Structures are given as C-alpha cells and as structure tokens.
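*Asks:* Below is the structure I would like to discuss, written out as structure tokens.
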Amino acid sequence: MIARIIIVLVCLICMNDRSFSQKGPIVIHASSLFDGDQLRNDWTVVIDEGLIVAAGPSASIDAPADAEVINIQNQTLMPGMIEGHSHILLHPYNETSWNDQVLKETFAERALRAGNHLKASLEAGFTTMRDLGSEGAGYLDVGIKQSVEKGVIPGPHLVVAGPAIVATGSYGPKGFGEHVTVPLGAYEADGVDDLIKEVRRQIGGGADIIKVYADYRWGPNGEAKPTFTIDELKTIVNIANSSGRPVVAHAATAEGMRRATLAGVYTIEHGDGGTKEVFELMKEHGVALCPTLAAGDAIMQYRGWNKGVDPDPARIVAKKKSFSLALQVGVDIVAGGDVGVFPHGDNVRELEMMVDYGMTDEQVLKNVTSVNADLLGLTDRGRIMKGMKADIISVSEDPSKNIVKLKTVGLVMKDGVIYKE
C-alpha cells in the first residue's frame, strides 16, 4: 500500500508542477451579471487575495489603480457552478465497466484519470465538486483534494466522502466464488459498535462528509432493498454530526429514503422510488434530494436505448414521475448529475435534464449556484457579493432564459486565479 501511495503522489506531482496564485487585484466589468439570485446590468466586481472585495453597479465601484481590468461583453458573468454529486475516480461505464475500474485499474491510473476529470470540470465552469465515494480507491480522493489545495494540479474545490459505508454482503463487485476474496467499492460495517468505529475511521481518514448506502440491489431477485435499520442509520448520523460532518444517503427505494430521512441525513441521492408521502417527510425534516437524472439516462443509453427515437424505458418513466412528485411537494433540489457515470466536463447535462423534467431555466441556474451553496453548507461561495470566494465564470448570453448557454464557458476563475479566459 505504501508503494502504491508513493506512485500516486509521484504521478500527481508529475502532472503539473505549476503553482497557482493570484498576482494582484483584478477588476471585472460586466455588461450582464447573475449574482446567484438575480440578473444585473453594468456591474463591476473587484477581486483581491482570492476574495470578492466589492461588487455592485459600475458607477458605485472605485477600482484600484494597479488592478488588472477584464471587460466581459456579450456574456453573463456569474458564480462558479457547484457540482452536487460526482465521482472523480470513475469514468463512463461504456468505456470500462464499474467492476473493471474497481478491480483492474491501478491507483496510479485512477489518480491520473482523476486529474484529467478535474481539469475538464473546472474548464466547464464547475469550481466546486461534492465527490460522493472513491469507489474502491480508499482515501485516494482525500489525497487528490489535498493536491489541488497545494496547487500541484488544477481543479475545483473538493468536498469528499472517502470510501462510503455499506452493509456487509450488499455491495460489489459480486459474482465470484465463495473462495475468492475481491476488493469492494466501499467499506462494510454493521451494528452500533462496528458503525461507530467505521465512521470514526473515515473521519480520521479525511472525509469531509460521510456517505452511507441506505439501500442497494441485494433483494431476492436483485432488486433494491433497504440495508441498514433506522437505529443503525441514526448511529452513523450521530457520530458524524458530533464531528461537524453531515451524512449523505444513497437511497433509491421509498423505504430506504424514509429510514434515511428519519435518521437525519442532509441529502438523499437518486430517490428513484420516491413517493408523495416520502417527499413530504423529506420536506418536513429539511432533507434535500439530489436526483442525478443524467446518470440513469446515460446508463440506459449505454444499454441500447435510442433516446428521442425509442419509447422511454421503465427506469426513465419512473424517474420522471418521482422527480415531478418532488417538485410538486416542494422538496429542496441539489443540482448534481453523478458525473463520472457520464463524461467529466459534460456536467451541464444534468442541468439540461432538470429543465426537461419540469424546472425553469432560472430555477436551475439558481440551483447550481446559490441554492447548492445553501443546501450543502458552502456559505462562502455560490454568489457574487463582497466577502465570497472569487469563484467566477462567464457564459454565453443569458442562461436564465436558456440553460444550454452554460455549455459555452469563457472566463473561469477560482480563488481569484484565472484558469481559462
């Protein structure tokens, strides 16, 4: 294991030895600006030491004489987007199956791929990513996050979950004889004492959040069924929360979602089988849904569905129904697509589908900036206002009228440093 870690670190260092830092104050004049809440005209933003130090109507802003000046015309300046559900250590399953990624790809290869994935998402305008599980790579996501923070490689800010927690016997890879032991895509734990120990181990390993699989495909016929009891889930939440860390739950069944909600998780991922009653419970308890629309859509296409020509498969029909119910009930929605299942850099695919499935362009624009920041506890980003991180991008025209415009990114700035212009 030590040898592997050394190889990974060497590979990461070799990728890019550039040190990223802001050289001085920057002033951005924008004819059009979305501040995270509303569209503004003729605004100026002043950035220094990685922070927004002033933002407002151009006539009211005094720009430092020694500042670099950037003029944004025919584009909209806006906060850097926040990816709510990603896997930086995975790449699309139509390239390499999940099993083979976990079992056959070296840690060095997966780390190098992750560096490319981070660059692609950053250049696509995503300056923060919540990464929900290393999928068999232990705490490699923690090391990659630290490499980004040190300036070893370029990438978004990362909020990482480490290995994730699963019930014994539920997770994969599967299908091997009982005499064969294979690495799993997450760490197993059961019962109060074991769960306490595993949560604390993941906290000690550097996880920012704890992810638990509240259900999984381990029913008698391979269908999704709950994994942990409510008391077990509450144990995970209590231990994580006591350290200041929230818990996120993978849950695709109504019962898994119900148990996770009552246990006190802060977001539920996927929610395919959500019912009106479960969504009402989530709203009552302040639990947000990250629907990951794009992941299921991509997987069905990998399996042969000709989207736009063939009728919607049952999985897509169910997803549309559950998402519509969540919107009707008024559940808070986290914008996150499970990128990694589909290509990194194509993150906006999820936002397009959120509009296709019933949200307005303006709602989705808010969700991927200020709403995501609020729901995920990232209080120092998601808006263009004084005191916030200088995570700022520009996109073509007005994305509040057409979300597809988010695909054309001009300027990308993170912590006051320009990575794309």
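Letters A, B, ... mark the chains of the structure tokens in the order given; residue numbers begin at 1 per chain; ligand numbers begin at 1, in order shown.
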Using only C-alpha atoms, which residues of range 296-332 of chain A come within 12 Å of range 269-275 of chain A, and what is the closest atom pair for each, with the distance in Å to one decimal? Give it as JSON lines, sorted by chain and residue number.
*Replies:*
{"residue": "A:Gly296", "atom": "CA", "partner": "A:His270", "partner_atom": "CA", "distance": 9.2}
{"residue": "A:Ala314", "atom": "CA", "partner": "A:Asp272", "partner_atom": "CA", "distance": 11.2}
{"residue": "A:Arg315", "atom": "CA", "partner": "A:Asp272", "partner_atom": "CA", "distance": 8.3}
{"residue": "A:Ile316", "atom": "CA", "partner": "A:Asp272", "partner_atom": "CA", "distance": 9.2}
{"residue": "A:Val317", "atom": "CA", "partner": "A:Asp272", "partner_atom": "CA", "distance": 10.0}
{"residue": "A:Ala318", "atom": "CA", "partner": "A:Asp272", "partner_atom": "CA", "distance": 6.7}
{"residue": "A:Lys319", "atom": "CA", "partner": "A:Asp272", "partner_atom": "CA", "distance": 5.3}
{"residue": "A:Lys320", "atom": "CA", "partner": "A:Asp272", "partner_atom": "CA", "distance": 8.7}
{"residue": "A:Lys321", "atom": "CA", "partner": "A:Asp272", "partner_atom": "CA", "distance": 8.6}
{"residue": "A:Ser322", "atom": "CA", "partner": "A:Gly274", "partner_atom": "CA", "distance": 5.5}
{"residue": "A:Phe323", "atom": "CA", "partner": "A:Asp272", "partner_atom": "CA", "distance": 7.8}
{"residue": "A:Ser324", "atom": "CA", "partner": "A:Gly274", "partner_atom": "CA", "distance": 10.1}
{"residue": "A:Leu325", "atom": "CA", "partner": "A:Thr275", "partner_atom": "CA", "distance": 7.1}
{"residue": "A:Ala326", "atom": "CA", "partner": "A:Gly274", "partner_atom": "CA", "distance": 7.9}
{"residue": "A:Leu327", "atom": "CA", "partner": "A:Gly274", "partner_atom": "CA", "distance": 11.6}
{"residue": "A:Gln328", "atom": "CA", "partner": "A:Thr275", "partner_atom": "CA", "distance": 11.2}
{"residue": "A:Val329", "atom": "CA", "partner": "A:Thr275", "partner_atom": "CA", "distance": 10.1}
{"residue": "A:Val331", "atom": "CA", "partner": "A:Gly274", "partner_atom": "CA", "distance": 11.3}
*Asks:* Near range 167-182 of chain A, counting only C-alpha atoms, which residues have an atom at most 6 Å away, once you skip same-chain residues fewer than 5 positions from it, shown as a list in words?
*Replies:*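 The neighbour list is Asn99, Glu188, Ala189, Asp190, Trp218 and Thr227 of chain A.
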*Asks:* Show me, as a list in words, the residues that have an atom within 12 Å of Pro64 in chain A when counting only C-alpha atoms, minus same-chain residues fewer than 6 positions from it.
*Replies:* Gly24, Pro25, Ile26, Val27, Ile28, Val45, Val46, Ile47, Asp48, Val53 and Ala54 of chain A
*Asks:* If you take only C-alpha atoms and a cut-off of 6 Å, which residues of range 228-324 of chain A touch range 200-217 of chain A, and what are their nearest atom pairs and distances in Å to one decimal, in chain and number order, as a Markdown table?
*Replies:*
| residue | atom | partner | partner_atom | distance |
| --- | --- | --- | --- | --- |
| A:Phe228 | CA | A:Ala214 | CA | 5.9 |
| A:Arg245 | CA | A:Ile209 | CA | 5.3 |
| A:Pro246 | CA | A:Ile209 | CA | 5.5 |
| A:Val247 | CA | A:Ile210 | CA | 4.8 |
| A:Val248 | CA | A:Lys211 | CA | 4.8 |
| A:Ala249 | CA | A:Val212 | CA | 5.0 |
| A:His250 | CA | A:Tyr213 | CA | 4.7 |
| A:Ala251 | CA | A:Ala214 | CA | 5.4 |
| A:Gly256 | CA | A:Ala214 | CA | 5.3 |
*Asks:* By how many Å are CA of Leu118 in chain A and CA of Gly80 in chain A apart?
*Replies:*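 Atom-to-atom, CA of Leu118 in chain A and CA of Gly80 in chain A are spaced 14.1 Å apart.
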